[in-house]
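J.: To start, I am sharing the structure in question, which I have written as structure tokens.
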Amino acid sequence: MQFFGGSEISPSPPVPTAAGNNAHMLYVFNRNGVCLLYREWNRPLKTLSPQQDHKLMFGLLFSLKSLTAKMDPTSADKGNLGVPQLPGQGCSFHSFRTNTYKLSFMESPSGIKIILVTHPRTGDLRESLKYIYNLYVEYVVKNPLYSPGNPIRSDLFNSTLDQYVRGLG
Amino acid sequence: MAAIYSLYIINKSGGLIFYKDYGSAGRMDTNDSLRLASLWHSMHAISQQLSPVPSCSGIELLQADTFDLHCFQSLTGTKFFVVCEPGTLHMEALLKHFYELYTDFVLKNPFYEMEMPIRCELFDISLALAVQKDRVALLGR
């Protein structure tokens, strides 16, 4: 059984595949902002280098989280804007929509962030992100050769992910 | 309980020109609302950069755990955004109505200077009426 991924040393560059008629790309970040995985299925517009793009995405999520934590209209004491918060603390967000895409976001208690970018008219993807997190636990965390904090290089994980994302409404 | 928690209007350079609270828990002080407004302005711009397809015009709806944020940007770059309860409907239409009120009561006011904070009593009154009407309509639905 091929479980431990391919034999290549460098992380494979995102190959545009035919998968995902609805999904554009997927990011996985750890709590330090390292991009563990980037998959891309349909991205006609590229304005930045991959590193810059990952940094900008992490920065956007980080700042949006501090914005929602401060803006939360249901709690009276919220602290100052931008105070560091643990995952699960404060009011977070689960998606945003623009006229061209929808971004769904999930953060695990250990600070793993999963981001899925899809067509703007996609429905609620919270359960799908949980499922992707389960795939991550099964195929990456339980892999004894994987050391945390490094980019994920598992063909099996990638192909399972492709297959799942392709089936998303 | 309020369906709409607050309304912000920011000018094209990200400065807050109008902020009104319609019933959030805990008052936000002036500095915080200014900071949040300019933060939103930048996030709106960054979201356009990250789009996978061309001609993206920024975030229209942000769904947080305890609220929804709907944003409308006019052609001149003025942004209107409301913070409301999760799942509140017809916010786009309400934002367009707010924009209409803005053009009528603010832009047509001869004493108003462009891009400066809005201090117009009639605008405040008509906004409050619109929010009130929306709440009544919400109860009827």
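The chains in the structure tokens are called A, B, ... from first to last as shown; in each chain the residues are counted from 1, and the ligands are counted from 1 in the order shown.
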Fewer than 2 positions away in the same chain doesn't count, so skip those; otherwise give me all residues within 10 Å of Leu101 of chain B, counting only C-alpha atoms, as a list in words.

T.: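 Residues near the query, excluding close chain neighbours: Leu95, Lys96, His97, Phe98, Tyr99, Thr103, Asp104, Phe105, Val106, Leu107, Leu122, Phe123, Asp124, Ser126, Leu127 and Ala130 of chain B.
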
J.: If you keep N, CA and C atoms, can you produce a file of those selected residues as a PDB file, in the first residue's frame?

T.:
```
ATOM      1  N   LEU B  95     -29.060  48.253   2.383  1.00  0.00           N
ATOM      2  CA  LEU B  95     -27.839  49.036   2.179  1.00  0.00           C
ATOM      3  C   LEU B  95     -28.006  50.018   1.024  1.00  0.00           C
ATOM      4  N   LYS B  96     -28.684  49.561  -0.036  1.00  0.00           N
ATOM      5  CA  LYS B  96     -28.933  50.450  -1.174  1.00  0.00           C
ATOM      6  C   LYS B  96     -29.823  51.602  -0.737  1.00  0.00           C
ATOM      7  N   HIS B  97     -30.779  51.305   0.138  1.00  0.00           N
ATOM      8  CA  HIS B  97     -31.660  52.351   0.651  1.00  0.00           C
ATOM      9  C   HIS B  97     -30.863  53.354   1.486  1.00  0.00           C
ATOM     10  N   PHE B  98     -29.949  52.853   2.301  1.00  0.00           N
ATOM     11  CA  PHE B  98     -29.085  53.739   3.090  1.00  0.00           C
ATOM     12  C   PHE B  98     -28.267  54.641   2.168  1.00  0.00           C
ATOM     13  N   TYR B  99     -27.824  54.058   1.060  1.00  0.00           N
ATOM     14  CA  TYR B  99     -27.033  54.829   0.097  1.00  0.00           C
ATOM     15  C   TYR B  99     -27.880  55.950  -0.500  1.00  0.00           C
ATOM     16  N   THR B 103     -27.213  59.949  -0.350  1.00  0.00           N
ATOM     17  CA  THR B 103     -27.157  60.903  -1.467  1.00  0.00           C
ATOM     18  C   THR B 103     -28.156  62.040  -1.267  1.00  0.00           C
ATOM     19  N   ASP B 104     -29.322  61.699  -0.703  1.00  0.00           N
ATOM     20  CA  ASP B 104     -30.350  62.731  -0.536  1.00  0.00           C
ATOM     21  C   ASP B 104     -30.021  63.704   0.588  1.00  0.00           C
ATOM     22  N   PHE B 105     -29.641  63.170   1.754  1.00  0.00           N
ATOM     23  CA  PHE B 105     -29.545  64.028   2.929  1.00  0.00           C
ATOM     24  C   PHE B 105     -28.123  64.500   3.235  1.00  0.00           C
ATOM     25  N   VAL B 106     -27.131  63.821   2.676  1.00  0.00           N
ATOM     26  CA  VAL B 106     -25.751  64.227   2.963  1.00  0.00           C
ATOM     27  C   VAL B 106     -25.142  64.942   1.759  1.00  0.00           C
ATOM     28  N   LEU B 107     -25.167  64.277   0.597  1.00  0.00           N
ATOM     29  CA  LEU B 107     -24.508  64.871  -0.567  1.00  0.00           C
ATOM     30  C   LEU B 107     -25.217  66.131  -1.049  1.00  0.00           C
ATOM     31  N   LEU B 122     -31.098  65.357   9.742  1.00  0.00           N
ATOM     32  CA  LEU B 122     -32.131  64.706   8.926  1.00  0.00           C
ATOM     33  C   LEU B 122     -31.708  63.305   8.504  1.00  0.00           C
ATOM     34  N   PHE B 123     -30.411  63.149   8.218  1.00  0.00           N
ATOM     35  CA  PHE B 123     -29.883  61.835   7.834  1.00  0.00           C
ATOM     36  C   PHE B 123     -30.048  60.849   8.992  1.00  0.00           C
ATOM     37  N   ASP B 124     -29.678  61.287  10.200  1.00  0.00           N
ATOM     38  CA  ASP B 124     -29.833  60.441  11.390  1.00  0.00           C
ATOM     39  C   ASP B 124     -31.279  59.988  11.547  1.00  0.00           C
ATOM     40  N   SER B 126     -33.779  59.906   9.312  1.00  0.00           N
ATOM     41  CA  SER B 126     -34.311  59.007   8.279  1.00  0.00           C
ATOM     42  C   SER B 126     -33.678  57.619   8.367  1.00  0.00           C
ATOM     43  N   LEU B 127     -32.422  57.559   8.803  1.00  0.00           N
ATOM     44  CA  LEU B 127     -31.792  56.250   9.009  1.00  0.00           C
ATOM     45  C   LEU B 127     -32.511  55.486  10.114  1.00  0.00           C
ATOM     46  N   ALA B 130     -35.652  54.127   8.834  1.00  0.00           N
ATOM     47  CA  ALA B 130     -35.454  52.977   7.939  1.00  0.00           C
ATOM     48  C   ALA B 130     -35.161  51.714   8.741  1.00  0.00           C
TER      49      ALA B 130
END
```

J.: Chain B residues within 9 Å of chain A, counting only C-alpha atoms: which ones, as number ranges by chain?

T.: B: 5-6, 23-28, 32-33, 35-36, 39-40, 43, 46-67, 83-84

J.: Filtering to N, CA and C atoms, could you give me those residues as an mmCIF file, in the first residue's frame?

T.:
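Done, and the output landed in selection_16.cif:
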```cif
data_model
loop_
_atom_site.group_PDB
_atom_site.id
_atom_site.type_symbol
_atom_site.label_atom_id
_atom_site.label_comp_id
_atom_site.auth_asym_id
_atom_site.auth_seq_id
_atom_site.Cartn_x
_atom_site.Cartn_y
_atom_site.Cartn_z
ATOM 1 N N TYR B 5 -27.269 45.642 14.254
ATOM 2 C CA TYR B 5 -26.505 46.072 15.422
ATOM 3 C C TYR B 5 -25.864 47.437 15.207
ATOM 4 N N SER B 6 -25.257 47.639 14.047
ATOM 5 C CA SER B 6 -24.622 48.942 13.828
ATOM 6 C C SER B 6 -24.398 49.199 12.343
ATOM 7 N N GLY B 23 -27.860 49.055 19.067
ATOM 8 C CA GLY B 23 -28.144 48.088 20.132
ATOM 9 C C GLY B 23 -27.173 46.924 20.241
ATOM 10 N N SER B 24 -25.860 47.169 20.152
ATOM 11 C CA SER B 24 -24.909 46.098 20.469
ATOM 12 C C SER B 24 -24.686 46.101 21.982
ATOM 13 N N ALA B 25 -24.198 44.963 22.469
ATOM 14 C CA ALA B 25 -23.836 44.901 23.879
ATOM 15 C C ALA B 25 -22.478 45.568 24.044
ATOM 16 N N GLY B 26 -22.376 46.503 24.946
ATOM 17 C CA GLY B 26 -21.084 47.145 25.177
ATOM 18 C C GLY B 26 -20.773 48.205 24.145
ATOM 19 N N ARG B 27 -20.659 49.424 24.551
ATOM 20 C CA ARG B 27 -20.349 50.507 23.621
ATOM 21 C C ARG B 27 -18.924 50.378 23.106
ATOM 22 N N MET B 28 -18.781 50.738 21.861
ATOM 23 C CA MET B 28 -17.440 50.778 21.288
ATOM 24 C C MET B 28 -16.989 52.233 21.342
ATOM 25 N N ASP B 32 -11.817 52.880 18.785
ATOM 26 C CA ASP B 32 -11.994 51.509 18.314
ATOM 27 C C ASP B 32 -12.778 51.460 17.012
ATOM 28 N N SER B 33 -13.830 52.279 16.921
ATOM 29 C CA SER B 33 -14.621 52.228 15.697
ATOM 30 C C SER B 33 -13.801 52.751 14.514
ATOM 31 N N ARG B 35 -10.553 52.442 14.210
ATOM 32 C CA ARG B 35 -9.591 51.386 13.874
ATOM 33 C C ARG B 35 -10.257 50.263 13.097
ATOM 34 N N LEU B 36 -11.452 49.871 13.568
ATOM 35 C CA LEU B 36 -12.154 48.782 12.891
ATOM 36 C C LEU B 36 -12.490 49.175 11.456
ATOM 37 N N LEU B 39 -9.419 49.017 9.365
ATOM 38 C CA LEU B 39 -9.031 47.611 9.194
ATOM 39 C C LEU B 39 -9.910 46.963 8.126
ATOM 40 N N TRP B 40 -11.205 47.250 8.184
ATOM 41 C CA TRP B 40 -12.116 46.676 7.182
ATOM 42 C C TRP B 40 -11.756 47.147 5.785
ATOM 43 N N MET B 43 -8.841 45.030 4.642
ATOM 44 C CA MET B 43 -9.206 43.641 4.388
ATOM 45 C C MET B 43 -9.993 43.519 3.088
ATOM 46 N N ILE B 46 -7.464 43.654 0.330
ATOM 47 C CA ILE B 46 -6.661 42.433 0.220
ATOM 48 C C ILE B 46 -7.491 41.304 -0.387
ATOM 49 N N SER B 47 -8.770 41.243 -0.031
ATOM 50 C CA SER B 47 -9.610 40.171 -0.564
ATOM 51 C C SER B 47 -9.707 40.269 -2.085
ATOM 52 N N GLN B 48 -9.576 41.472 -2.633
ATOM 53 C CA GLN B 48 -9.600 41.606 -4.095
ATOM 54 C C GLN B 48 -8.331 41.040 -4.718
ATOM 55 N N GLN B 49 -7.213 41.212 -4.002
ATOM 56 C CA GLN B 49 -5.929 40.714 -4.505
ATOM 57 C C GLN B 49 -5.876 39.196 -4.541
ATOM 58 N N LEU B 50 -6.605 38.554 -3.605
ATOM 59 C CA LEU B 50 -6.499 37.105 -3.474
ATOM 60 C C LEU B 50 -7.484 36.355 -4.357
ATOM 61 N N SER B 51 -8.257 37.090 -5.140
ATOM 62 C CA SER B 51 -9.275 36.426 -5.943
ATOM 63 C C SER B 51 -8.656 35.500 -6.983
ATOM 64 N N PRO B 52 -9.208 34.287 -7.145
ATOM 65 C CA PRO B 52 -8.685 33.378 -8.169
ATOM 66 C C PRO B 52 -9.132 33.743 -9.578
ATOM 67 N N VAL B 53 -10.134 34.561 -9.708
ATOM 68 C CA VAL B 53 -10.614 34.983 -11.038
ATOM 69 C C VAL B 53 -10.620 36.513 -11.120
ATOM 70 N N PRO B 54 -10.487 37.070 -12.329
ATOM 71 C CA PRO B 54 -10.380 38.529 -12.443
ATOM 72 C C PRO B 54 -11.661 39.270 -12.056
ATOM 73 N N SER B 55 -11.516 40.574 -11.930
ATOM 74 C CA SER B 55 -12.592 41.538 -11.645
ATOM 75 C C SER B 55 -13.363 41.231 -10.372
ATOM 76 N N CYS B 56 -12.618 41.134 -9.273
ATOM 77 C CA CYS B 56 -13.239 40.946 -7.967
ATOM 78 C C CYS B 56 -13.431 42.320 -7.330
ATOM 79 N N SER B 57 -14.587 42.518 -6.693
ATOM 80 C CA SER B 57 -14.843 43.849 -6.114
ATOM 81 C C SER B 57 -14.890 43.830 -4.588
ATOM 82 N N GLY B 58 -14.285 42.851 -3.961
ATOM 83 C CA GLY B 58 -14.163 42.876 -2.506
ATOM 84 C C GLY B 58 -15.277 42.145 -1.778
ATOM 85 N N ILE B 59 -15.114 42.038 -0.448
ATOM 86 C CA ILE B 59 -16.038 41.233 0.365
ATOM 87 C C ILE B 59 -17.426 41.864 0.395
ATOM 88 N N GLU B 60 -18.436 41.056 0.147
ATOM 89 C CA GLU B 60 -19.816 41.534 0.235
ATOM 90 C C GLU B 60 -20.472 41.064 1.519
ATOM 91 N N LEU B 61 -20.095 39.871 1.974
ATOM 92 C CA LEU B 61 -20.729 39.316 3.171
ATOM 93 C C LEU B 61 -19.696 38.542 3.974
ATOM 94 N N LEU B 62 -19.584 38.880 5.244
ATOM 95 C CA LEU B 62 -18.700 38.145 6.136
ATOM 96 C C LEU B 62 -19.574 37.483 7.185
ATOM 97 N N GLN B 63 -19.466 36.152 7.295
ATOM 98 C CA GLN B 63 -20.291 35.435 8.261
ATOM 99 C C GLN B 63 -19.440 35.042 9.452
ATOM 100 N N ALA B 64 -19.652 35.726 10.574
ATOM 101 C CA ALA B 64 -18.920 35.400 11.791
ATOM 102 C C ALA B 64 -19.800 34.515 12.673
ATOM 103 N N ASP B 65 -19.258 34.092 13.817
ATOM 104 C CA ASP B 65 -20.005 33.187 14.689
ATOM 105 C C ASP B 65 -21.265 33.841 15.255
ATOM 106 N N THR B 66 -21.181 35.138 15.577
ATOM 107 C CA THR B 66 -22.320 35.765 16.248
ATOM 108 C C THR B 66 -22.958 36.889 15.434
ATOM 109 N N PHE B 67 -22.429 37.177 14.268
ATOM 110 C CA PHE B 67 -23.042 38.232 13.459
ATOM 111 C C PHE B 67 -22.711 38.045 11.990
ATOM 112 N N VAL B 83 -23.630 45.613 10.548
ATOM 113 C CA VAL B 83 -23.432 44.409 11.356
ATOM 114 C C VAL B 83 -24.816 43.985 11.804
ATOM 115 N N CYS B 84 -25.220 42.749 11.478
ATOM 116 C CA CYS B 84 -26.577 42.332 11.830
ATOM 117 C C CYS B 84 -26.554 40.908 12.364
#
```

J.: For Gly88 of chain A, find every residue with an atom within 9 Å (counting only C-alpha atoms), except residues of its own chain fewer than 3 positions away, and show them as a list in words.

T.: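 Skipping anything fewer than 3 positions along the chain leaves Gln85, Cys91, Ser92, Glu107, Ser108, Pro109 and Gly111 of chain A.
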
J.: Write out as a PDB file with C-alpha atoms, in the first residue's frame each polymer residue whose atoms come within 10 Å of His41 of chain B, counting only C-alpha atoms; drop sequence neighbours fewer than 6 positions from it.

T.:
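result_21.pdb, freshly written:
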```pdb
ATOM      1  CA  ILE B  10     -16.211  54.841   5.355  1.00  0.00           C
ATOM      2  CA  ASN B  11     -14.859  57.188   2.712  1.00  0.00           C
ATOM      3  CA  LYS B  12     -12.689  56.102  -0.193  1.00  0.00           C
ATOM      4  CA  SER B  13      -9.470  56.398   1.821  1.00  0.00           C
ATOM      5  CA  GLY B  14     -10.705  54.247   4.709  1.00  0.00           C
ATOM      6  CA  GLY B  15     -11.618  56.987   7.173  1.00  0.00           C
ATOM      7  CA  LEU B  16     -14.765  56.493   9.210  1.00  0.00           C
ATOM      8  CA  ARG B  35      -9.591  51.386  13.874  1.00  0.00           C
ATOM      9  CA  GLY B  58     -14.163  42.876  -2.506  1.00  0.00           C
ATOM     10  CA  LYS B  79     -18.294  51.789   1.671  1.00  0.00           C
TER      11      LYS B  79
END
```

J.: DSSP says alpha helix (DSSP H) for which residues of chain A? Put them as number ranges by chain?

T.: A: 50-71, 126-136, 155-166

J.: What's the separation between atom CA of Ala37 of chain B and atom CA of Val34 of chain A, in Å to one decimal place?

T.: 28.4 Å

J.: Show which residues sit within 12 Å of Val137 of chain A, as a PyMOL selection string. Count only C-alpha atoms, and ignore same-chain residues fewer than 2 positions away.

T.: chain A and resi 108+110+112+130-135+139-144+146+148+152+157

J.: Report as a short mmCIF file (atom, residue, chain, number, x, y, z; two decimals) with C-alpha atoms, in the first residue's frame all protein, DNA and RNA residues lying within 8 Å of Tyr27 of chain A, evaluated on only C-alpha atoms, omitting residues in the same chain fewer than 3 positions from it.

T.:
```cif
data_model
loop_
_atom_site.label_atom_id
_atom_site.label_comp_id
_atom_site.auth_asym_id
_atom_site.auth_seq_id
_atom_site.Cartn_x
_atom_site.Cartn_y
_atom_site.Cartn_z
CA CYS A 35 1.63 26.88 4.75
CA LEU A 36 1.51 23.09 5.14
CA LEU A 37 -0.45 22.44 1.98
CA TYR A 38 -1.58 24.38 -1.03
CA ARG A 39 -3.75 22.75 -3.66
CA LYS A 113 -6.38 26.49 9.69
CA ILE A 114 -8.14 25.01 6.67
CA ILE A 115 -9.23 27.39 3.93
CA LEU A 116 -11.30 26.38 0.94
#
```

J.: Return as a PyMOL selection string the full set of residues in segment 17-80 of chain A whose backbone-based DSSP assignment is strand (DSSP E or B).

T.: chain A and resi 23-29+35-40

J.: Residues of the last selection are to be written out with N, CA and C atoms, as a short mmCIF file (atom, residue, chain, number, x, y, z; two decimals), in the first residue's frame.

T.:
```cif
data_model
loop_
_atom_site.label_atom_id
_atom_site.label_comp_id
_atom_site.auth_asym_id
_atom_site.auth_seq_id
_atom_site.Cartn_x
_atom_site.Cartn_y
_atom_site.Cartn_z
N ALA A 23 -14.42 24.09 -6.89
CA ALA A 23 -13.44 24.63 -5.96
C ALA A 23 -12.28 25.27 -6.71
N HIS A 24 -11.75 26.36 -6.18
CA HIS A 24 -10.60 27.01 -6.78
C HIS A 24 -9.31 26.55 -6.13
N MET A 25 -9.20 26.72 -4.80
CA MET A 25 -7.97 26.27 -4.15
C MET A 25 -8.21 25.97 -2.68
N LEU A 26 -7.22 25.34 -2.07
CA LEU A 26 -7.31 24.97 -0.66
C LEU A 26 -5.97 25.26 -0.01
N TYR A 27 -6.01 25.85 1.18
CA TYR A 27 -4.80 26.12 1.94
C TYR A 27 -4.91 25.41 3.28
N VAL A 28 -3.79 24.91 3.79
CA VAL A 28 -3.73 24.47 5.19
C VAL A 28 -2.56 25.19 5.83
N PHE A 29 -2.83 25.89 6.92
CA PHE A 29 -1.78 26.59 7.66
C PHE A 29 -1.68 25.99 9.05
N CYS A 35 2.59 27.51 5.66
CA CYS A 35 1.63 26.88 4.75
C CYS A 35 2.01 25.41 4.59
N LEU A 36 1.20 24.52 5.18
CA LEU A 36 1.51 23.09 5.14
C LEU A 36 1.11 22.49 3.81
N LEU A 37 0.04 23.02 3.23
CA LEU A 37 -0.45 22.44 1.98
C LEU A 37 -1.13 23.51 1.16
N TYR A 38 -0.85 23.51 -0.12
CA TYR A 38 -1.58 24.38 -1.03
C TYR A 38 -1.98 23.56 -2.23
N ARG A 39 -3.26 23.47 -2.48
CA ARG A 39 -3.75 22.75 -3.66
C ARG A 39 -4.52 23.74 -4.51
N GLU A 40 -4.38 23.57 -5.80
CA GLU A 40 -5.09 24.50 -6.67
C GLU A 40 -5.70 23.73 -7.81
#
```

J.: Grab the atom CA of Glu127 of chain A to atom CA of Thr160 of chain A distance for me, in Å with one decimal place.

T.: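 A separation of 16.6 Å between them.
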
J.: In Å, with one decimal, what is the gap from atom CA of Leu69 of chain B to atom CA of Gln89 of chain A?

T.: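 So the answer is 19.7 Å.
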